[in-house]
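Coordinates as given in my_file-v2.cif (mmCIF, C-alpha atoms):
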data_target
loop_
_atom_site.label_atom_id
_atom_site.label_comp_id
_atom_site.auth_asym_id
_atom_site.auth_seq_id
_atom_site.Cartn_x
_atom_site.Cartn_y
_atom_site.Cartn_z
CA MET A 1 102.14 130.78 127.93
CA ASN A 2 101.46 130.99 124.19
CA GLY A 3 103.06 128.70 121.65
CA LEU A 4 103.28 125.18 120.29
CA LEU A 5 104.96 122.33 122.16
CA VAL A 6 106.06 119.18 120.32
CA LEU A 7 105.97 116.46 122.96
CA ASP A 8 107.40 112.94 122.71
CA LYS A 9 104.52 111.13 124.41
CA PRO A 10 105.51 108.12 126.53
CA SER A 11 103.54 104.87 126.54
CA GLY A 12 100.83 104.39 129.14
CA LEU A 13 99.47 107.94 129.07
CA THR A 14 96.33 109.13 127.33
CA SER A 15 96.46 112.38 125.38
CA HIS A 16 94.31 113.82 128.19
CA ASP A 17 96.95 112.75 130.74
CA VAL A 18 99.60 114.55 128.69
CA VAL A 19 97.55 117.75 128.62
CA ALA A 20 97.29 117.60 132.43
CA ILE A 21 101.07 117.20 132.76
CA VAL A 22 101.74 120.15 130.44
CA ARG A 23 99.17 122.23 132.30
CA ARG A 24 100.97 121.65 135.60
CA ALA A 25 104.41 122.33 134.11
CA THR A 26 103.47 125.54 132.29
CA GLY A 27 100.68 126.94 134.45
CA GLU A 28 98.68 127.42 131.24
CA LYS A 29 95.07 126.23 131.45
CA SER A 30 94.19 126.49 127.76
CA ILE A 31 95.88 123.55 125.98
CA GLY A 32 94.80 121.46 123.02
CA HIS A 33 96.51 118.56 121.26
CA LEU A 34 96.68 118.17 117.50
CA GLY A 35 95.70 114.57 116.88
CA THR A 36 95.09 111.96 119.57
CA LEU A 37 97.62 109.24 120.34
CA ASP A 38 96.36 106.04 121.97
CA PRO A 39 97.74 105.28 125.47
CA MET A 40 99.90 102.44 124.12
CA ALA A 41 101.44 104.64 121.40
CA THR A 42 104.48 106.89 121.80
CA GLY A 43 105.97 109.74 119.82
CA VAL A 44 105.15 113.10 118.32
CA LEU A 45 102.17 114.87 119.90
CA PRO A 46 101.97 118.61 119.09
CA LEU A 47 100.09 120.73 121.64
CA LEU A 48 98.90 124.30 121.28
CA LEU A 49 99.23 126.48 124.38
CA GLY A 50 97.30 129.56 125.42
CA LYS A 51 96.07 131.83 122.66
CA TYR A 52 97.70 129.57 120.08
CA THR A 53 94.81 127.11 120.57
CA ARG A 54 92.95 129.46 118.22
CA LEU A 55 95.25 128.26 115.43
CA ALA A 56 94.08 124.62 115.63
CA GLN A 57 91.95 124.97 112.49
CA PHE A 58 95.09 125.54 110.39
CA PHE A 59 96.76 122.29 111.50
CA GLY A 60 93.77 120.00 110.92
CA GLN A 61 94.88 117.84 108.01
CA ALA A 62 98.46 116.96 108.97
CA GLU A 63 99.78 113.67 107.61
CA LYS A 64 101.37 111.19 110.02
CA TYR A 65 104.40 108.87 109.92
CA TYR A 66 104.71 105.80 112.11
CA ASP A 67 107.01 102.92 113.06
CA GLY A 68 105.48 99.93 114.74
CA SER A 69 104.86 96.22 114.92
CA ILE A 70 101.95 93.87 114.23
CA ARG A 71 101.47 90.61 116.08
CA PHE A 72 99.76 87.84 114.13
CA GLY A 73 97.85 84.94 115.66
CA PHE A 74 94.80 86.59 117.22
CA ALA A 75 92.70 89.72 116.93
CA THR A 76 91.57 91.92 119.82
CA ASP A 77 88.42 93.98 120.38
CA THR A 78 90.42 97.23 120.35
CA PHE A 79 92.64 96.13 117.41
CA ASP A 80 95.73 96.63 119.62
CA ALA A 81 97.67 94.93 122.42
CA GLU A 82 95.61 96.60 125.15
CA GLY A 83 92.41 94.86 124.09
CA THR A 84 90.86 91.48 124.86
CA ALA A 85 91.60 88.59 122.52
CA VAL A 86 88.80 87.72 120.11
CA GLY A 87 88.53 84.06 119.12
CA ASP A 88 91.02 81.24 119.52
CA PRO A 89 94.69 81.79 118.65
CA GLN A 90 95.68 80.67 115.16
CA PRO A 91 99.26 80.04 113.96
CA LEU A 92 100.76 82.36 111.37
CA THR A 93 101.48 80.30 108.26
CA ARG A 94 102.42 83.16 105.93
CA SER A 95 105.97 84.16 105.05
CA LEU A 96 107.17 87.76 105.07
CA GLU A 97 106.88 87.92 101.29
CA GLU A 98 103.32 86.60 101.43
CA LEU A 99 102.40 89.17 104.06
CA ARG A 100 103.98 91.89 101.93
CA GLU A 101 101.83 90.77 99.01
CA LEU A 102 98.71 90.98 101.18
CA SER A 103 99.77 94.44 102.41
CA ARG A 104 99.74 95.85 98.87
CA GLY A 105 96.00 96.39 99.21
CA PHE A 106 96.67 99.03 101.86
CA HIS A 107 98.02 101.71 99.54
CA GLY A 108 96.45 104.79 98.01
CA GLU A 109 92.89 105.92 98.70
CA ILE A 110 90.86 103.36 100.64
CA ASP A 111 87.65 103.29 102.67
CA GLN A 112 88.65 102.41 106.22
CA VAL A 113 86.39 101.38 109.09
CA PRO A 114 87.71 102.99 112.32
CA PRO A 115 87.97 100.82 115.45
CA VAL A 116 84.92 100.83 117.71
CA TYR A 117 87.28 101.70 120.58
CA SER A 118 88.47 105.00 119.15
CA ALA A 119 88.08 108.76 119.55
CA LYS A 120 85.82 108.84 116.48
CA LYS A 121 82.75 110.90 117.38
CA ILE A 122 79.27 109.32 117.15
CA ASN A 123 76.62 112.04 117.57
CA GLY A 124 79.21 114.10 119.43
CA VAL A 125 80.35 111.31 121.77
CA ALA A 126 83.65 109.41 121.43
CA ALA A 127 83.01 105.89 120.13
CA HIS A 128 85.16 104.30 122.86
CA LYS A 129 82.98 105.83 125.58
CA LEU A 130 79.85 104.37 124.01
CA ALA A 131 81.49 100.97 123.53
CA ARG A 132 82.67 100.79 127.15
CA ALA A 133 79.15 101.73 128.29
CA GLY A 134 77.82 98.69 126.44
CA VAL A 135 76.18 100.71 123.66
CA GLU A 136 76.29 99.14 120.20
CA VAL A 137 78.45 101.41 118.06
CA ALA A 138 78.05 101.67 114.30
CA VAL A 139 81.12 103.40 112.88
CA LYS A 140 81.05 104.48 109.26
CA PRO A 141 83.90 103.95 106.79
CA ALA A 142 86.05 107.01 106.10
CA ARG A 143 88.07 107.74 102.97
CA ILE A 144 91.77 107.98 103.83
CA THR A 145 95.04 107.80 101.91
CA ILE A 146 97.88 105.46 102.83
CA HIS A 147 100.91 106.90 101.07
CA ASP A 148 103.30 104.16 102.17
CA PHE A 149 103.01 100.92 104.14
CA ARG A 150 106.04 98.63 104.29
CA LEU A 151 106.58 95.46 106.26
CA LEU A 152 110.28 95.51 107.18
CA GLU A 153 110.87 92.20 108.92
CA LEU A 154 109.17 89.18 110.49
CA GLN A 155 110.42 87.70 113.74
CA GLY A 156 108.25 84.80 114.82
CA ASP A 157 104.69 86.12 114.67
CA VAL A 158 105.61 89.82 114.90
CA ALA A 159 106.17 92.01 111.83
CA GLY A 160 107.85 95.43 111.97
CA PHE A 161 106.51 98.15 109.67
CA GLU A 162 106.64 101.77 108.57
CA MET A 163 103.58 103.76 107.51
CA HIS A 164 102.80 107.20 106.08
CA VAL A 165 99.08 107.95 106.26
CA SER A 166 96.71 110.89 105.84
CA ALA A 167 94.87 112.58 108.68
CA GLY A 168 92.09 110.38 110.04
CA GLY A 169 93.82 107.09 109.29
CA TYR A 170 93.90 104.34 111.96
CA VAL A 171 96.98 102.12 111.97
CA ARG A 172 95.14 99.70 114.26
CA SER A 173 92.53 99.08 111.57
CA VAL A 174 95.24 98.22 109.04
CA ALA A 175 96.78 95.71 111.47
CA HIS A 176 93.39 94.14 112.14
CA GLU A 177 92.41 93.86 108.47
CA LEU A 178 95.82 92.48 107.50
CA GLY A 179 95.34 89.78 110.10
CA GLN A 180 91.99 88.89 108.55
CA LEU A 181 93.62 88.57 105.14
CA ALA A 182 96.37 86.40 106.61
CA GLY A 183 93.71 84.07 108.01
CA CYS A 184 94.96 84.09 111.59
CA GLY A 185 93.98 87.45 113.03
CA ALA A 186 96.36 90.20 114.12
CA HIS A 187 96.58 93.30 116.27
CA LEU A 188 98.83 96.32 116.65
CA ALA A 189 101.60 95.38 119.09
CA SER A 190 103.48 98.68 119.26
CA LEU A 191 103.30 102.11 117.63
CA ARG A 192 105.57 105.17 117.57
CA ARG A 193 104.61 108.35 115.70
CA THR A 194 107.79 109.72 114.19
CA GLN A 195 106.26 112.75 112.47
CA ALA A 196 103.00 114.72 112.48
CA GLY A 197 102.80 117.26 109.69
CA LEU A 198 106.11 119.12 109.79
CA PHE A 199 106.84 118.18 113.41
CA THR A 200 109.34 115.38 114.04
CA LEU A 201 110.91 113.51 116.95
CA LYS A 202 114.10 115.55 116.41
CA GLU A 203 112.43 118.70 117.75
CA SER A 204 110.26 116.98 120.36
CA VAL A 205 110.52 117.39 124.12
CA THR A 206 110.19 114.55 126.62
CA VAL A 207 107.96 114.68 129.68
CA GLU A 208 111.09 114.54 131.84
CA GLN A 209 112.62 117.55 130.07
CA LEU A 210 109.39 119.44 130.65
CA LYS A 211 109.26 118.55 134.35
CA GLN A 212 112.92 119.47 134.85
CA ALA A 213 112.54 122.95 133.30
CA SER A 214 112.91 125.50 136.10
CA GLY A 215 110.40 128.05 134.88
CA PRO A 216 108.44 129.61 132.03
CA ALA A 217 111.57 130.97 130.33
CA GLU A 218 113.19 127.53 130.14
CA ILE A 219 109.99 125.96 128.85
CA ALA A 220 109.55 128.72 126.27
CA ALA A 221 113.07 127.96 125.01
CA LEU A 222 111.90 124.42 124.20
CA LEU A 223 109.16 125.62 121.84
CA PRO A 224 109.62 126.11 118.08
CA HIS A 225 110.02 129.75 117.05
CA PRO A 226 106.57 131.20 116.26
CA ARG A 227 107.63 132.31 112.78
CA THR A 228 108.50 128.72 111.82
CA LEU A 229 104.92 127.58 112.45
CA LEU A 230 102.53 127.31 109.48
CA PRO A 231 105.37 127.90 107.01
CA GLU A 232 102.96 128.10 104.08
CA MET A 233 101.93 131.50 105.45
CA PRO A 234 104.40 134.38 105.08
CA SER A 235 105.04 136.64 108.09
CA VAL A 236 104.64 140.39 108.29
CA THR A 237 105.31 142.79 111.20
CA VAL A 238 103.03 145.74 111.96
CA ASP A 239 103.24 148.81 114.20
CA GLU A 240 100.90 149.43 117.14
CA GLN A 241 98.52 151.61 115.14
CA MET A 242 98.02 148.88 112.54
CA ALA A 243 97.78 146.27 115.31
CA GLY A 244 94.93 148.23 116.89
CA ARG A 245 92.96 148.19 113.65
CA LEU A 246 93.48 144.44 113.29
CA ARG A 247 92.36 143.85 116.90
CA ASN A 248 89.13 145.65 116.04
CA GLY A 249 88.55 143.35 113.05
CA MET A 250 89.23 146.04 110.46
CA GLN A 251 90.70 145.43 107.02
CA VAL A 252 94.18 146.89 106.54
CA ASN A 253 96.82 147.16 103.85
CA LEU A 254 99.93 145.21 104.85
CA PRO A 255 103.39 145.31 103.23
CA GLU A 256 103.16 141.70 102.02
CA PHE A 257 103.36 141.00 98.29
CA SER A 258 103.62 137.20 97.96
CA GLN A 259 99.95 136.71 96.98
CA ALA A 260 99.68 133.95 99.61
CA PRO A 261 96.00 133.68 100.68
CA LEU A 262 96.80 133.72 104.41
CA VAL A 263 99.42 135.75 106.29
CA LYS A 264 100.81 135.61 109.86
CA VAL A 265 100.87 139.06 111.47
CA PHE A 266 103.40 139.86 114.22
CA THR A 267 103.90 142.88 116.48
CA SER A 268 107.49 141.86 117.34
CA PRO A 269 109.91 139.13 116.23
CA THR A 270 108.05 136.56 118.38
CA ASP A 271 104.59 137.95 119.24
CA MET A 272 101.98 136.71 116.79
CA LEU A 273 98.91 138.93 116.68
CA ALA A 274 96.69 137.47 113.99
CA ILE A 275 96.11 135.38 110.91
CA ALA A 276 94.83 137.56 108.09
CA ARG A 277 93.16 136.60 104.82
CA ARG A 278 94.14 138.41 101.65
CA VAL A 279 91.11 140.18 100.21
CA ALA A 280 92.82 141.71 97.18
CA GLY A 281 96.36 142.89 96.56
CA THR A 282 97.75 143.93 99.94
CA LEU A 283 94.33 144.42 101.56
CA MET A 284 93.94 141.95 104.45
CA GLN A 285 91.07 140.89 106.71
CA PRO A 286 91.92 139.43 110.14
CA ILE A 287 90.23 136.06 110.61
CA VAL A 288 91.91 134.97 113.87
CA VAL A 289 93.12 137.56 116.41
CA MET A 290 95.16 136.42 119.41
CA GLY A 291 95.72 139.60 121.37
#

Could I get this file's structure written as structure tokens?
Amino acid sequence: MNGLLVLDKPSGLTSHDVVAIVRRATGEKSIGHLGTLDPMATGVLPLLLGKYTRLAQFFGQAEKYYDGSIRFGFATDTFDAEGTAVGDPQPLTRSLEELRELSRGFHGEIDQVPPVYSAKKINGVAAHKLARAGVEVAVKPARITIHDFRLLELQGDVAGFEMHVSAGGYVRSVAHELGQLAGCGAHLASLRRTQAGLFTLKESVTVEQLKQASGPAEIAALLPHPRTLLPEMPSVTVDEQMAGRLRNGMQVNLPEFSQAPLVKVFTSPTDMLAIARRVAGTLMQPIVVMG
């Protein structure tokens, strides 16, 4: 099965667990997710299926939107509720307005230190694997952009929030650092991804929906139409002769006049053949061929 599935990931499953569930439901072995979600987190997790895994490079920098909550009073080693408490509990003495004032530092471009327990790669190995093996992990700060971070309410020691952050941003790190500023420690209590790039909860599919689908045709009906993917690239349809040239890696002239640098090439309304790069005018070079 080829396509993109927008899954509403439930809590308690790793992204690897989700891939295994989708593999069993679809019978497709080649599956890749676009952006890891921690086991505790829920929400939008796009997955590429089959030959569409070759398109992963074009989805790499998708921005993310989240709803969640931060619990003040103690930090944890993982920066979230699944970790072990670090230090003695401290009472939260800040008001919502004071916390909002502290949160103003988490806007715009910042250098963020990822959590040690994360999927961040250290010499090709995920940091969390090294940390759990007792290896000292030195994670380097990364430049990210927090477009919006708003504390919505404060009930006891738990603050609800919304966040819009660039690719590579860790909400857990923001919760942890805000707790340090508040003087009492904090950790991420809950997290729901409401949007990843252009994909939202509105078009997502639950694990139960996926399991209840009676076959490939029903599952395929749950996927976004291929021509709606990568909307920055216009679509063009070619005949079999032109398709053969593209499959062989040859440059071709395509009837596409938008001047967009990249173009999606189809052989039918739904069968995507390739992504082609505009060389000059209507002359195109295939850079990814899917069949």

Quick one: everything within 9 Å of region 248-263 of chain A, counting only C-alpha atoms, minus sequence neighbours fewer than 4 positions away in the same chain. Send it as a list in words. Glu232, Met233, Pro234, Ser235, Val236, Thr237, Val238, Met242, Ala243, Gly244, Ala274, Ile275, Ala276, Arg277, Arg278, Val279, Ala280, Gly281, Thr282, Leu283, Met284, Gln285, Pro286, Ile287 and Val289 of chain A

Rank nothing, just name the residue among A:Ala25, A:Ala196, A:Leu230, A:Leu246 nearest to Gly168 (chain A), using all atoms listed in the file. A:Ala196

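Using all atoms listed in the file, the nearest neighbour of Thr78 (chain A) within the list A:Met40, A:Leu223, A:Ile21, A:Val116 is A:Val116.
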
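Nearest residue to Gly156 (chain A) among A:Leu188, A:Leu92, A:Val113, A:Ala62 is A:Leu92, counting all atoms listed in the file.
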
Residue IDs satisfying the PyMOL selection byres ((chain A and resi 110) around 6), as a ChimeraX atom specification: /A:109,111,143-144

Between A:Leu96, A:Leu45, A:Ala220, A:Leu5, which has the minimum distance to Asp157 (chain A) (counting all atoms listed in the file)?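 Of A:Leu96, A:Leu45, A:Ala220, A:Leu5, the one nearest Asp157 (chain A), counting all atoms listed in the file, is A:Leu96.
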
Could you state which residues are captured by the PyMOL selection byres ((chain A and resi 161) around 7) in this file, as a list in words? Asp67, Gly68, Ser69, Arg150, Leu151, Leu152, Ala159, Gly160, Glu162 and Met163 of chain A

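Counting all atoms listed in the file and comparing A:Gln209, A:Val22, A:Gln180, A:Thr36, the residue that lies closest to Leu4 (chain A) is A:Val22.
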
For the provided coordinates, the residues matched by the PyMOL selection byres ((chain A and resi 37) around 12) should be stated as a ChimeraX atom specification. /A:7-19,33-36,38-47,64,66,118-119,168-172,191-194,196

Around (96.4, 137.1, 117.5) in the file's frame, which residues reach within 8 Å when counting all atoms listed in the file? Return as a PyMOL selection string? chain A and resi 51+247+265+272-275+288-291

Quote the spacing between CA of Arg227 (chain A) and CA of Leu201 (chain A) in Å to one decimal place.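 That distance, rounded to one decimal, is 19.5 Å.
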
Find the smallest box with edges along x, y and z containing every listed atom of region 178-197 of chain A, then add 4 Å on each side and report centre and edge lengths in Å to one decimal, as lines of an AutoDock Vina configuration file.
center_x = 99.9
center_y = 100.7
center_z = 112.2
size_x = 23.8
size_y = 41.2
size_z = 22.1

Would you pick out the contacts of Gln61 (chain A) at 9 Å or less, using only C-alpha atoms, so that residues sharing its chain but fewer than 2 positions from it are not included, and give the list as number ranges by chain? A: 57-59, 63, 166-168, 197

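Atom to atom, CA of Gly3 (chain A) and CA of Gly50 (chain A) stand 6.9 Å apart.
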
Would you compute the distance between CA of Ala213 (chain A) and CA of Leu229 (chain A)? Give it in Å to one decimal.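 Result for CA of Ala213 (chain A) versus CA of Leu229 (chain A): 22.7 Å, one decimal.
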